[in-house]
Each structure stands twice: as C-alpha cells, then as structure tokens.
Amino acid sequence: MKTDIEIAQEANLLHIRDVAEKVGLTEDDIEYYGKNKAKVSLDVMKRGGKEGKLILVTAITPTPAGEGKTTTTIGLADGLSRIGKKVVVALREPSLGPVFGIKGGAAGGGYAQVVPMEDINLHFTGDFHAIGAANNLLCAMLDNHIFQGNELDIDPESITLHRCVDMNDRQLRFLEDGLGGGKNGVPRKDSFDITVASEVMAVLCLATSLSDLKTRLSRIIVGYTRGGKPVTAGDLKAAGAMCALLKDALKPNLVQTLEGTPAFVHGGPFANIAHGCNSVVATKTALKLGDYVVTEAGFGADLGAEKFLDIKCRFANLKPSAVVVVATVRALKMHGGVPKTELFCENLPALEEGLPNLLRHVSNIKNVYGLPAVVAVNRFPTDTDAEISLVIERCKELGVNVCLSTVWAEGGKGGEELAREVVRLCKEKSDFKFCYDAALPIKEKIEAIVTKIYGGSGVAYTPEAEEEIARLENLGFGNTPVCMAKTQYSFSDDATKLGAPRGFTVTVRQVKISAGAGFVVALTGNILTMPGLPKVPAAEKIDVDENGVISGLF
C-alpha cells in the first residue's frame, strides 16, 4: 500500500477554479493562492437562499490504535458526491506542532484526503502565521505599555496573555523575559502557548465579519490593574492593527478532496485545550453552497462534539441534521484492556468490555443533545465478522445503525453506505438542545458537562479556581459557555482511565476568561497549553529533495 503522501502526490488535481465552479463560485468570489488553493470572499456567506444540511463527524475516545475521524469525514463527503449529492466538506487546518510531533498531519489518509496535502499540513495560506503575529503584537504592545510608564497601572503579576508559536516546544512553557536592565524591558515571568490554543485563534474561528473580529479582539483581556480592573486589547489600542494582520486569514480556504469534492479547510483550535472546530465563516459559507455540509470536531465526542454543539452552534445559530460517531474494533478492544500489540486477534470479551465507551458517546448525542446518529466503523482486515456483529448488536439496542466504512482503501466508494444512511437521518425529525443553559452559574455549567457528558459524579475545585470563578462572575462573565480543557484520552481527567469510567471526580485547577471568544475556559488535570515533542519526533523523517518533493509527511 502506498503512503498517504505518495497517494496525494500522484493525484491529478483539478484547477481550483473548476472546484469553485462546482458550487457556483465565480472568479469574483475567489482569490487564487496558486493553482490548487484559493481564499473565498466573505460576501458569499451573506447570500440568501436555502442552506444545506449540516452533518457533524465525531468519534470515540481516541487511542494509539487510531480511529480515522478526519479520513471518515472526507470519505463521507466523497461518498455523498458519488450518490449524486451536492456536498462541501469543512475541516480544521493542521497545526505544525502535531505535524512535526507524534500525531502527524490532519489531511485525512489513504484515498480519503484533502489536497494539496503537503501545503495543507505545512504553511498552507499563512493563516496560522497571521494568528501568531497578531497574538504576539498584542503581547509586545502590552509589555511596551508597561515599559513606557504603565499609564493603565497594569499589575505585571496579573498578566494572563501568553505569547504563542505554532510548534510543540516544552522549553517555552515557563520563562522569564525582559532581562538585562535598562532599555531591555521590564523583567517578569512569562510563557508561551501553542498557536492553536491562543485566544486569537478562537476569536478568528468564531468571528463572522471583519467588524465582529475587531470587536472580539478588542475584548481580549490581557491582565488586570493593581485595583483589579480588567485590561483589554482595546485599552491598549491594539485591536485595529491585530485585525489588519488577520484581514486575509479570516477568509476561508478552498481546496479539494482526492475525488474533487470542494473542501473548506480553515481555522484550527485544539479540542483538548480550546474549542476544536473549524471557523464559523467556513461552515456558514459551505452551508450556502452545498446541499450537504460534512464537518468534524476534534478528538472524542466528549470534547470536540460537546464544544461544537454547546459553543459553536450556540454562537453561530447552527443546527446539525445528523451526527456520525466513528469507531474501530481495534480501538474498542484497547478500551477493553487489550495492549496495542495484541489487537489483531479476535477478542469478543475485550470488545464487550470496551464497547461502553462507544455507547456512552452515542447515547450523549441522542439523549443529551437530541440528534440522530449513526456509528461508522472503520473496518480493518483483522476485524472478524463476530466482532462486527457484536458492535452492530449493541448499537441497535440504542436504536442506532452501524455502517462499515472502507474509505481509507476505497475513497468515496467505501463511504457510499454511510452516505445513504446520513441522507436518511437528515430526513428524521431532531430535537436539538444544549447540554446546559448558558445563564447558569459557572460551576453548574461545568458540573453539567462532567455529569451528563463525561459520566462523572462531581467536580472539585482548587482554591485558585474557586477564587477566579468568583472574580469572573463578579465581573459579569458568569453567563458565558464553558470550554473544558481536558485530556482527550479518557472521559475523566485521568488519561489512564479507559473505557467508560463512572463515579470519578474531575478537578478544575484553573479557570480563565476568553472574553474575545466569549467563553470561560476550565483547565482540568495536568492539561498543558504548550505540548512537547516525543522522543522520536515525526520531524526526523520529513525531508525534501533537490526538486522540492517532500517525503515523510503523514
């Protein structure tokens, strides 16, 4: 079997003009970034007419065995196209941190990819660089304000804004800067976040226009005065320049799948430490262009889907028509206690033990959020008929069908069964509702997520978190949604608790406000906003030859 990058490099891509024409976009609607990429005008989102059906693809709790959520998303879109539907796919942009780290890229896999794969996984159209520049401009203006006399009386020890870089670099988690005395700045403790965890990323992905973007940027809280008053980017007169840097980054990026299906790839907040969805402008633009829009949310449904539904859908007034929950037999057996080295043998008891993870995610989608759902099982050659039958049987007990997906090996052809089921589900009546009322106190919203979605019994708060919750509610930020920062490897805040644990307590160690994005962030367990590289980074295998051909990306 060829590698992902080999498949992508051998593909005959349509000119992006021809991809745009498939969904009614003209030359006036797009800005070319070469032959295979384009930015789409924000005006397209404002067009009248009927909007398409929105399909969310999510997954079980991820394991090292792999689930294939992005691959399924792309393959489903191609499958819908093959059965005659006008479809657009909307994905997040990959972060360079995972690309060079342990996870690799995020352009799909096998014969279900978005292309040009190398561009998408690397610099793409420069959006992430613009986001990092805007964030770091704000940091520079903040420290310069303090150095130049501190007219706003900012308390340097209260600064909440972090610099950012789109790379996994643990060395930057804690540092001291402004050293050297004199004109070298004001010494203080500082830190970096990965760009995809920055509030500027969240702001860009939730903004609906340049004016909305500027307003949200101006609301970003950078720290507090010595009297306890919030200081914002607007107070520092930084929002205009930041918005100027982000002017083009706000426009969604148009590319294609290997089968020529139009694809928006735009924005990329992490789902374990941010809200994990592609941009609102990309999704809303796609809904104006396609009869069906297939999108995904990061990691398992307890993170990505929860935030997609409770944050993005709430802010953008979106209502999904159907949800796909992706799983593999191998991953479910891993949740049942089987080591990665022993996943190739039939093991019905382990599968039975691991199935509650899938069933809880499905139950949450159906019973908490009131949405129709289907389970997509990425079938591997080692999966036995008995194992597949057991998954089908258990899901039917919840009133949910199972479709086998072979999109990695067959592209859209392997997603046709799933596509037909999704079309059927989109005709069903749904009763979409949120997990919590945003007007509830902060603690009640956190506890609703922990008990309803995670299956936990309660929440513990550190004294620091208790103090910050009280301050935020006193400042008027109590009626915002909550963005949970939690490990992706468990329903709980303990990555070692696989399957579907119950009776656990989630510890919230820190709470902060993302006033520009419009939500409160609750950090749990030992979650980090700046990841590190593994012992053997993927970067060690990435290379480029004298002809500019890249190898080693996956």
# chains A, B, ... in the order shown; residues from 1 in each chain; ligands from 1
>>> closest_atom_pairs(of="range 340-436 of chain A", to="range 493-506 of chain A", cutoff="6 Å", atoms="only C-alpha atoms", output="JSON lines")
{"residue": "A:Gly354", "atom": "CA", "partner": "A:Gly499", "partner_atom": "CA", "distance": 5.4}
{"residue": "A:Pro356", "atom": "CA", "partner": "A:Ala500", "partner_atom": "CA", "distance": 5.7}
{"residue": "A:Asn357", "atom": "CA", "partner": "A:Ala500", "partner_atom": "CA", "distance": 4.8}
>>> residues_around(residues="Pro269 in chain A", least_positions_apart="5", cutoff="8 Å", atoms="only C-alpha atoms", output="PyMOL selection string")
chain A and resi 92+196-198+201-202+205+274-278
>>> select_by_dssp(residues="range 255-307 of chain A", states="strand (DSSP E or B)", output="PyMOL selection string")
chain A and resi 255-257+262-265+277+292-297
>>> write_last_selection(atoms="N, CA, C and O atoms", output="PDB file, in the first residue's frame")
ATOM      1  N   VAL A 255     -10.050  24.179  -0.982  1.00  0.00           N
ATOM      2  CA  VAL A 255      -9.203  23.176  -1.629  1.00  0.00           C
ATOM      3  C   VAL A 255     -10.133  22.072  -2.144  1.00  0.00           C
ATOM      4  O   VAL A 255     -11.296  22.314  -2.410  1.00  0.00           O
ATOM      5  N   GLN A 256      -9.637  20.840  -2.264  1.00  0.00           N
ATOM      6  CA  GLN A 256     -10.456  19.748  -2.789  1.00  0.00           C
ATOM      7  C   GLN A 256     -10.030  18.425  -2.163  1.00  0.00           C
ATOM      8  O   GLN A 256      -8.936  18.309  -1.616  1.00  0.00           O
ATOM      9  N   THR A 257     -10.913  17.438  -2.268  1.00  0.00           N
ATOM     10  CA  THR A 257     -10.538  16.081  -1.881  1.00  0.00           C
ATOM     11  C   THR A 257      -9.864  15.410  -3.079  1.00  0.00           C
ATOM     12  O   THR A 257      -9.823  15.966  -4.184  1.00  0.00           O
ATOM     13  N   PRO A 262     -15.379  19.807  -3.291  1.00  0.00           N
ATOM     14  CA  PRO A 262     -14.936  21.070  -2.690  1.00  0.00           C
ATOM     15  C   PRO A 262     -14.762  20.940  -1.176  1.00  0.00           C
ATOM     16  O   PRO A 262     -15.599  20.323  -0.493  1.00  0.00           O
ATOM     17  N   ALA A 263     -13.685  21.522  -0.659  1.00  0.00           N
ATOM     18  CA  ALA A 263     -13.380  21.400   0.768  1.00  0.00           C
ATOM     19  C   ALA A 263     -12.894  22.736   1.315  1.00  0.00           C
ATOM     20  O   ALA A 263     -11.977  23.350   0.756  1.00  0.00           O
ATOM     21  N   PHE A 264     -13.528  23.187   2.399  1.00  0.00           N
ATOM     22  CA  PHE A 264     -13.025  24.344   3.137  1.00  0.00           C
ATOM     23  C   PHE A 264     -12.147  23.825   4.282  1.00  0.00           C
ATOM     24  O   PHE A 264     -12.576  22.970   5.063  1.00  0.00           O
ATOM     25  N   VAL A 265     -10.924  24.328   4.350  1.00  0.00           N
ATOM     26  CA  VAL A 265     -10.009  23.975   5.438  1.00  0.00           C
ATOM     27  C   VAL A 265      -9.584  25.288   6.073  1.00  0.00           C
ATOM     28  O   VAL A 265      -8.806  26.052   5.487  1.00  0.00           O
ATOM     29  N   CYS A 277     -13.049  23.381  16.666  1.00  0.00           N
ATOM     30  CA  CYS A 277     -13.894  23.391  15.470  1.00  0.00           C
ATOM     31  C   CYS A 277     -13.292  24.305  14.405  1.00  0.00           C
ATOM     32  O   CYS A 277     -12.612  25.278  14.726  1.00  0.00           O
ATOM     33  N   TYR A 292     -25.415  19.446   1.304  1.00  0.00           N
ATOM     34  CA  TYR A 292     -24.929  18.749   2.495  1.00  0.00           C
ATOM     35  C   TYR A 292     -23.546  19.289   2.830  1.00  0.00           C
ATOM     36  O   TYR A 292     -22.704  19.445   1.933  1.00  0.00           O
ATOM     37  N   VAL A 293     -23.319  19.580   4.100  1.00  0.00           N
ATOM     38  CA  VAL A 293     -22.009  20.027   4.573  1.00  0.00           C
ATOM     39  C   VAL A 293     -21.541  19.065   5.651  1.00  0.00           C
ATOM     40  O   VAL A 293     -22.228  18.858   6.656  1.00  0.00           O
ATOM     41  N   VAL A 294     -20.380  18.450   5.411  1.00  0.00           N
ATOM     42  CA  VAL A 294     -19.826  17.493   6.358  1.00  0.00           C
ATOM     43  C   VAL A 294     -18.664  18.157   7.090  1.00  0.00           C
ATOM     44  O   VAL A 294     -17.716  18.629   6.450  1.00  0.00           O
ATOM     45  N   THR A 295     -18.749  18.231   8.391  1.00  0.00           N
ATOM     46  CA  THR A 295     -17.693  18.850   9.188  1.00  0.00           C
ATOM     47  C   THR A 295     -17.311  17.935  10.329  1.00  0.00           C
ATOM     48  O   THR A 295     -18.001  16.942  10.608  1.00  0.00           O
ATOM     49  N   GLU A 296     -16.211  18.229  10.994  1.00  0.00           N
ATOM     50  CA  GLU A 296     -15.755  17.404  12.105  1.00  0.00           C
ATOM     51  C   GLU A 296     -15.429  18.280  13.301  1.00  0.00           C
ATOM     52  O   GLU A 296     -15.288  19.492  13.181  1.00  0.00           O
ATOM     53  N   ALA A 297     -15.304  17.654  14.439  1.00  0.00           N
ATOM     54  CA  ALA A 297     -14.840  18.322  15.655  1.00  0.00           C
ATOM     55  C   ALA A 297     -13.784  17.435  16.295  1.00  0.00           C
ATOM     56  O   ALA A 297     -13.848  16.218  16.215  1.00  0.00           O
TER      57      ALA A 297
END
>>> closest_residue(among="A:Gly298, A:Glu353, A:Val521, A:Val402", to="Ala465 in chain A", atoms="only C-alpha atoms")
A:Val521
>>> closest_residue(among="A:Pro94, A:Gly458, A:Gly180, A:Gly234", to="Ile221 in chain A", atoms="only C-alpha atoms")
A:Gly234
>>> closest_residue(among="A:Glu176, A:Asp437, A:Glu67, A:Glu306", to="Tyr454 in chain A", atoms="only C-alpha atoms")
A:Glu306
>>> residues_around(residues="Cys435 in chain A", least_positions_apart="2", cutoff="9 Å", atoms="only C-alpha atoms", output="VMD selection string")
chain A and resid 306 309 to 310 368 to 369 433 437 445 448 to 449 452 to 453
>>> write_last_selection(atoms="N, CA and C atoms", output="mmCIF file, in the first residue's frame")
data_model
loop_
_atom_site.group_PDB
_atom_site.id
_atom_site.type_symbol
_atom_site.label_atom_id
_atom_site.label_comp_id
_atom_site.auth_asym_id
_atom_site.auth_seq_id
_atom_site.Cartn_x
_atom_site.Cartn_y
_atom_site.Cartn_z
ATOM 1 N N GLU A 306 -18.980 18.070 22.026
ATOM 2 C CA GLU A 306 -19.585 18.868 23.099
ATOM 3 C C GLU A 306 -19.365 20.353 22.846
ATOM 4 N N LEU A 309 -21.272 21.630 19.730
ATOM 5 C CA LEU A 309 -22.710 21.786 19.966
ATOM 6 C C LEU A 309 -23.013 22.870 20.986
ATOM 7 N N ASP A 310 -22.234 22.918 22.076
ATOM 8 C CA ASP A 310 -22.543 23.857 23.153
ATOM 9 C C ASP A 310 -21.930 25.240 22.954
ATOM 10 N N VAL A 368 -28.738 13.381 25.222
ATOM 11 C CA VAL A 368 -28.446 14.694 25.804
ATOM 12 C C VAL A 368 -28.735 15.792 24.786
ATOM 13 N N TYR A 369 -28.268 15.588 23.549
ATOM 14 C CA TYR A 369 -28.406 16.635 22.532
ATOM 15 C C TYR A 369 -29.604 16.439 21.602
ATOM 16 N N LYS A 433 -30.899 20.199 21.460
ATOM 17 C CA LYS A 433 -30.854 21.050 22.649
ATOM 18 C C LYS A 433 -29.437 21.041 23.199
ATOM 19 N N ASP A 437 -27.800 25.450 30.128
ATOM 20 C CA ASP A 437 -28.235 26.819 29.872
ATOM 21 C C ASP A 437 -27.057 27.740 30.180
ATOM 22 N N LYS A 445 -22.558 24.892 35.147
ATOM 23 C CA LYS A 445 -22.297 24.500 33.762
ATOM 24 C C LYS A 445 -21.183 23.454 33.687
ATOM 25 N N ALA A 448 -22.597 20.201 34.865
ATOM 26 C CA ALA A 448 -23.491 19.591 33.875
ATOM 27 C C ALA A 448 -22.687 18.805 32.848
ATOM 28 N N ILE A 449 -21.592 19.368 32.376
ATOM 29 C CA ILE A 449 -20.748 18.671 31.406
ATOM 30 C C ILE A 449 -20.152 17.419 32.022
ATOM 31 N N LYS A 452 -23.322 14.883 32.883
ATOM 32 C CA LYS A 452 -24.142 14.459 31.742
ATOM 33 C C LYS A 452 -23.315 13.850 30.618
ATOM 34 N N ILE A 453 -22.151 14.437 30.314
ATOM 35 C CA ILE A 453 -21.357 14.020 29.159
ATOM 36 C C ILE A 453 -20.253 13.046 29.556
#
>>> closest_residue(among="A:Val374, A:Ile311, A:Ile469, A:Val326", to="Thr70 in chain A", atoms="only C-alpha atoms")
A:Val326
